[in-house]
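Colleague: The structure is given below, and queries will be raised subsequently.
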Amino acid sequence: MSEEKVFYNNINRHLLNICPEAERVLEFGCSSGLFMGAYRERFPETYSVGVELFDVAANEARQHFDMVLTGNAETVDLLASGFERNSFDLMIYGDVIEHFVDPWKALQTHLEYLKPGGTVCICIPNVSHWSMIYALVNGNFRYQDQGLLDRTHLRFFTRSTFIELLTGAELTVETCNSIIVNEKKTQQAVATLAKLLDKSPDQVSADQKRDWSTYQYLFRTRKPAQQ
């Protein structure tokens, strides 16, 4: 597969809508920069830095950023790139963390460059989505070119296990929103899963329905303010 077809080239409007205005923004896995282009249409005075693995995408992204660093978002050396700790007000991870070998360590390292009281906005796929449960019930776990089982995904999270990652990094979760795709099919799937538990859909808890229905979770979190 060519590099041009590997990098993600879309705007996650759901993620965009939870990102606040910030003076200095750092986006990890910025791809060709379309997301930051849309963000800066809203907040044109923002100073923005992107990190992108692929040269082709990074070159395209430079028209939307003040600076783009080409390299692995997980291991990028921000200090060597000229940035001091506590440099940014907002960090953005749009479907990126699941690609990290060690997201726990990476997030801890990145947060050194976020100002106290700064915001982190994240979109993460949900491994407890009904389609994943269907696949496992049928003995399937086949990687694909895109989606929840994208073959480049290295880590898998549910809502609760991702919150554990965030709180372990001392981030406070301010909002957690669900992205639901194909609502009619999702409702049918929830009813089917309820039957497998010998329940009606009305007997399934709201939390369980949410976890089965959510394709991706959106988190807006905050770093503790300096004491």
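Residue numbering restarts at 1 in every chain; chains get A, B, ... in the order shown in the structure tokens, and ligands count up from 1 in that same order.
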Which residues are near region 170-186 of chain A? Cut-off 12 Å, only C-alpha atoms, ignore same chain within fewer than 4 positions. Put them as a VMD selection string.
Modeller: chain A and resid 12 to 15 17 to 19 104 107 to 108 111 to 112 114 116 to 126 129 to 131 134 147 158 to 160 162 to 166 190 to 193 207 209 to 225
Colleague: Next, dump the selected residues to file, keeping only C-alpha atoms, as a tab-separated table (two decimals), in the first residue's frame.
Modeller:
```
chain	number	residue	atom	x	y	z
A	12	ASN	CA	-13.56	14.76	12.28
A	13	ARG	CA	-16.24	17.38	12.88
A	14	HIS	CA	-17.31	15.73	16.14
A	15	LEU	CA	-13.81	16.19	17.53
A	17	ASN	CA	-16.72	20.71	18.00
A	18	ILE	CA	-15.27	19.84	21.41
A	19	CYS	CA	-11.96	21.65	20.86
A	104	TRP	CA	0.51	5.29	28.63
A	107	LEU	CA	0.76	10.54	26.93
A	108	GLN	CA	2.75	11.13	30.10
A	111	LEU	CA	1.77	16.22	28.81
A	112	GLU	CA	5.04	17.72	29.97
A	114	LEU	CA	0.99	21.12	28.02
A	116	PRO	CA	-1.07	23.57	33.69
A	117	GLY	CA	-4.82	23.84	33.20
A	118	GLY	CA	-4.43	23.02	29.49
A	119	THR	CA	-6.88	20.91	27.51
A	120	VAL	CA	-6.48	17.56	25.74
A	121	CYS	CA	-9.12	16.49	23.19
A	122	ILE	CA	-9.18	12.91	21.98
A	123	CYS	CA	-11.15	10.64	19.66
A	124	ILE	CA	-10.69	6.92	20.31
A	125	PRO	CA	-12.37	3.83	18.77
A	126	ASN	CA	-14.51	1.72	21.09
A	129	HIS	CA	-19.01	-1.66	19.93
A	130	TRP	CA	-21.66	-4.18	18.88
A	131	SER	CA	-19.85	-4.98	15.62
A	134	TYR	CA	-20.67	-9.82	16.77
A	147	GLY	CA	-12.45	0.98	10.83
A	158	THR	CA	-13.37	0.46	26.13
A	159	ARG	CA	-14.75	3.61	27.70
A	160	SER	CA	-13.76	2.53	31.20
A	162	PHE	CA	-9.52	4.54	28.42
A	163	ILE	CA	-10.70	6.61	31.36
A	164	GLU	CA	-8.22	4.61	33.45
A	165	LEU	CA	-5.47	5.67	31.03
A	166	LEU	CA	-6.52	9.32	31.31
A	190	VAL	CA	-28.59	-3.77	20.79
A	191	ALA	CA	-31.88	-5.69	20.79
A	192	THR	CA	-30.10	-8.81	19.52
A	193	LEU	CA	-27.38	-8.56	22.18
A	207	ASP	CA	-24.43	2.32	30.32
A	209	LYS	CA	-26.52	0.29	25.67
A	210	ARG	CA	-24.11	3.21	25.35
A	211	ASP	CA	-21.08	0.94	25.23
A	212	TRP	CA	-22.62	-1.36	22.64
A	213	SER	CA	-23.81	1.58	20.51
A	214	THR	CA	-20.73	3.82	20.56
A	215	TYR	CA	-18.40	3.54	17.58
A	216	GLN	CA	-15.96	6.14	18.87
A	217	TYR	CA	-15.65	8.08	22.11
A	218	LEU	CA	-14.77	11.76	22.30
A	219	PHE	CA	-13.01	13.01	25.41
A	220	ARG	CA	-12.24	16.53	26.49
A	221	THR	CA	-9.87	16.48	29.45
A	222	ARG	CA	-7.87	18.94	31.48
A	223	LYS	CA	-4.44	18.93	33.05
A	224	PRO	CA	-4.40	20.01	36.71
A	225	ALA	CA	-3.79	23.69	37.26
```
Colleague: Which is closer to Phe100 (chain A) than all the others in A:Ile133, A:Leu154, A:Ala61, A:Leu148, using only C-alpha atoms?
Modeller: A:Leu154
Colleague: Expressed in Å to a single decimal, how great is the separation between CA of Met132 (chain A) and CA of Asp95 (chain A)?
Modeller: 17.3 Å
Colleague: Quick one: everything within 10 Å of Glu74 (chain A), counting only C-alpha atoms, minus sequence neighbours fewer than 5 positions away in the same chain. Send it as a ChimeraX atom specification.
Modeller: /A:28-29,51,53,96-97,99-103,105-107,109-110
Colleague: Give me, as CSV, the closest atom pair and its distance (Å, one decimal) for every residue of region 51-129 of chain A within a cut-off of 7 Å of region 33-47 of chain A, counting only C-alpha atoms, rows sorted by chain and rising number.
Modeller:
```
residue,atom,partner,partner_atom,distance
A:Glu60,CA,A:Gly33,CA,6.9
A:Ala61,CA,A:Gly33,CA,4.1
A:His64,CA,A:Gly37,CA,5.1
A:Asp66,CA,A:Tyr47,CA,6.3
```
Colleague: Mind listing the alpha helix (DSSP H) residues of region 19-104 of chain A, per DSSP on the backbone, as a PyMOL selection string?
Modeller: chain A and resi 34-42+55-61+103-104
Colleague: Write the residues you've just listed into a file as a CSV table (one decimal), in the first residue's frame, and include all heavy atoms for each of them.
Modeller:
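The result, written out as out-v8.csv:
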```csv
chain,number,residue,atom,x,y,z
A,34,LEU,N,-6.1,18.9,7.2
A,34,LEU,CA,-7.4,19.4,7.0
A,34,LEU,C,-8.1,19.7,8.3
A,34,LEU,O,-8.9,20.7,8.4
A,34,LEU,CB,-8.2,18.3,6.2
A,34,LEU,CG,-7.8,18.1,4.8
A,34,LEU,CD1,-8.7,17.1,4.1
A,34,LEU,CD2,-7.7,19.3,4.0
A,35,PHE,N,-7.9,18.9,9.3
A,35,PHE,CA,-8.5,19.2,10.6
A,35,PHE,C,-8.1,20.6,11.2
A,35,PHE,O,-8.9,21.4,11.6
A,35,PHE,CB,-8.2,18.1,11.6
A,35,PHE,CG,-8.9,18.3,13.0
A,35,PHE,CD1,-10.1,17.8,13.3
A,35,PHE,CD2,-8.2,19.1,14.0
A,35,PHE,CE1,-10.7,18.0,14.5
A,35,PHE,CE2,-8.8,19.3,15.2
A,35,PHE,CZ,-10.1,18.7,15.5
A,36,MET,N,-6.8,20.8,11.1
A,36,MET,CA,-6.3,22.1,11.6
A,36,MET,C,-6.7,23.2,10.7
A,36,MET,O,-6.9,24.3,11.2
A,36,MET,CB,-4.7,22.0,11.7
A,36,MET,CG,-4.1,23.3,12.4
A,36,MET,SD,-4.9,23.7,14.1
A,36,MET,CE,-4.5,22.1,15.0
A,37,GLY,N,-6.8,23.0,9.5
A,37,GLY,CA,-7.4,24.0,8.6
A,37,GLY,C,-8.8,24.5,9.0
A,37,GLY,O,-9.1,25.6,9.1
A,38,ALA,N,-9.6,23.5,9.4
A,38,ALA,CA,-11.0,23.8,9.8
A,38,ALA,C,-10.9,24.5,11.2
A,38,ALA,O,-11.7,25.4,11.5
A,38,ALA,CB,-11.8,22.5,9.9
A,39,TYR,N,-10.0,24.0,12.1
A,39,TYR,CA,-9.9,24.6,13.4
A,39,TYR,C,-9.5,26.1,13.3
A,39,TYR,O,-10.1,27.0,13.9
A,39,TYR,CB,-8.9,23.9,14.2
A,39,TYR,CG,-8.7,24.4,15.6
A,39,TYR,CD1,-9.5,24.0,16.7
A,39,TYR,CD2,-7.7,25.4,15.9
A,39,TYR,CE1,-9.3,24.5,18.0
A,39,TYR,CE2,-7.5,25.9,17.1
A,39,TYR,CZ,-8.3,25.5,18.2
A,39,TYR,OH,-8.2,26.0,19.4
A,40,ARG,N,-8.6,26.4,12.4
A,40,ARG,CA,-8.1,27.8,12.2
A,40,ARG,C,-9.0,28.6,11.5
A,40,ARG,O,-8.9,29.9,11.5
A,40,ARG,CB,-6.7,27.7,11.6
A,40,ARG,CG,-5.7,27.1,12.5
A,40,ARG,CD,-4.3,27.1,12.0
A,40,ARG,NE,-3.7,28.5,12.2
A,40,ARG,CZ,-2.4,28.8,11.9
A,40,ARG,NH1,-1.6,27.8,11.3
A,40,ARG,NH2,-1.9,29.9,12.1
A,41,GLU,N,-10.0,28.1,10.8
A,41,GLU,CA,-11.1,28.9,10.2
A,41,GLU,C,-11.9,29.5,11.4
A,41,GLU,O,-12.4,30.6,11.3
A,41,GLU,CB,-12.0,28.0,9.3
A,41,GLU,CG,-11.4,27.7,8.0
A,41,GLU,CD,-12.3,26.9,7.1
A,41,GLU,OE1,-13.4,26.6,7.5
A,41,GLU,OE2,-11.9,26.5,6.0
A,42,ARG,N,-12.0,28.7,12.5
A,42,ARG,CA,-12.8,29.2,13.6
A,42,ARG,C,-11.9,30.1,14.5
A,42,ARG,O,-12.4,31.1,15.0
A,42,ARG,CB,-13.2,28.0,14.5
A,42,ARG,CG,-14.2,27.1,13.8
A,42,ARG,CD,-14.7,26.0,14.7
A,42,ARG,NE,-15.7,25.1,14.1
A,42,ARG,CZ,-16.4,24.2,14.7
A,42,ARG,NH1,-16.2,24.0,16.0
A,42,ARG,NH2,-17.2,23.4,14.0
A,55,ASP,N,5.8,11.7,5.1
A,55,ASP,CA,6.4,12.9,4.4
A,55,ASP,C,5.3,13.5,3.5
A,55,ASP,O,5.2,14.8,3.5
A,55,ASP,CB,7.6,12.5,3.6
A,55,ASP,CG,8.8,12.2,4.4
A,55,ASP,OD1,8.9,12.7,5.6
A,55,ASP,OD2,9.7,11.4,4.0
A,56,VAL,N,4.6,12.8,2.7
A,56,VAL,CA,3.7,13.3,1.8
A,56,VAL,C,2.6,14.1,2.5
A,56,VAL,O,2.2,15.2,2.1
A,56,VAL,CB,3.0,12.2,0.9
A,56,VAL,CG1,1.9,12.8,0.1
A,56,VAL,CG2,4.1,11.6,0.0
A,57,ALA,N,2.0,13.5,3.5
A,57,ALA,CA,1.0,14.2,4.3
A,57,ALA,C,1.6,15.4,5.0
A,57,ALA,O,0.9,16.4,5.1
A,57,ALA,CB,0.4,13.2,5.3
A,58,ALA,N,2.7,15.2,5.6
A,58,ALA,CA,3.4,16.4,6.3
A,58,ALA,C,3.6,17.6,5.4
A,58,ALA,O,3.3,18.7,5.8
A,58,ALA,CB,4.7,15.9,6.9
A,59,ASN,N,4.0,17.3,4.2
A,59,ASN,CA,4.2,18.4,3.2
A,59,ASN,C,2.9,19.1,2.9
A,59,ASN,O,2.8,20.3,2.8
A,59,ASN,CB,4.8,17.9,1.9
A,59,ASN,CG,6.3,17.5,2.1
A,59,ASN,OD1,7.0,18.0,3.0
A,59,ASN,ND2,6.8,16.6,1.3
A,60,GLU,N,1.8,18.4,2.8
A,60,GLU,CA,0.5,19.0,2.5
A,60,GLU,C,0.0,19.8,3.8
A,60,GLU,O,-0.6,20.8,3.6
A,60,GLU,CB,-0.5,17.9,2.2
A,60,GLU,CG,-0.3,17.2,0.9
A,60,GLU,CD,-1.4,16.2,0.5
A,60,GLU,OE1,-2.5,16.3,1.1
A,60,GLU,OE2,-1.2,15.3,-0.3
A,61,ALA,N,0.3,19.2,4.9
A,61,ALA,CA,-0.2,19.8,6.2
A,61,ALA,C,0.5,21.2,6.4
A,61,ALA,O,-0.1,22.0,7.1
A,61,ALA,CB,0.1,18.9,7.4
A,103,PRO,N,0.9,3.8,24.7
A,103,PRO,CA,0.2,5.1,24.8
A,103,PRO,C,0.2,5.7,26.2
A,103,PRO,O,0.2,6.9,26.4
A,103,PRO,CB,-1.3,4.7,24.5
A,103,PRO,CG,-1.4,3.2,24.6
A,103,PRO,CD,0.0,2.7,24.3
A,104,TRP,N,0.4,4.8,27.3
A,104,TRP,CA,0.5,5.3,28.6
A,104,TRP,C,1.8,6.2,28.8
A,104,TRP,O,1.7,7.3,29.3
A,104,TRP,CB,0.5,4.1,29.6
A,104,TRP,CG,-0.7,3.3,29.5
A,104,TRP,CD1,-1.8,3.4,30.3
A,104,TRP,CD2,-0.9,2.2,28.6
A,104,TRP,NE1,-2.7,2.4,29.9
A,104,TRP,CE2,-2.2,1.7,28.9
A,104,TRP,CE3,-0.2,1.5,27.6
A,104,TRP,CZ2,-2.8,0.6,28.2
A,104,TRP,CZ3,-0.7,0.5,27.0
A,104,TRP,CH2,-2.0,0.0,27.2
```
Colleague: Using DSSP secondary structure from the backbone, list all strand (DSSP E) positions within region 42-121 of chain A, as a PyMOL selection string.
Modeller: chain A and resi 47-52+67-70+88-94+114-121
Colleague: Would you compute the distance between CA of Gly50 (chain A) and CA of Ser31 (chain A)? Give it in Å to one decimal.
Modeller: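 That distance, rounded to one decimal, is 8.5 Å.
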Colleague: State, in Å with one decimal place, the distance from CA of Glu98 (chain A) to CA of Leu149 (chain A).
Modeller: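 Between CA of Glu98 (chain A) and CA of Leu149 (chain A) the gap is 10.5 Å.
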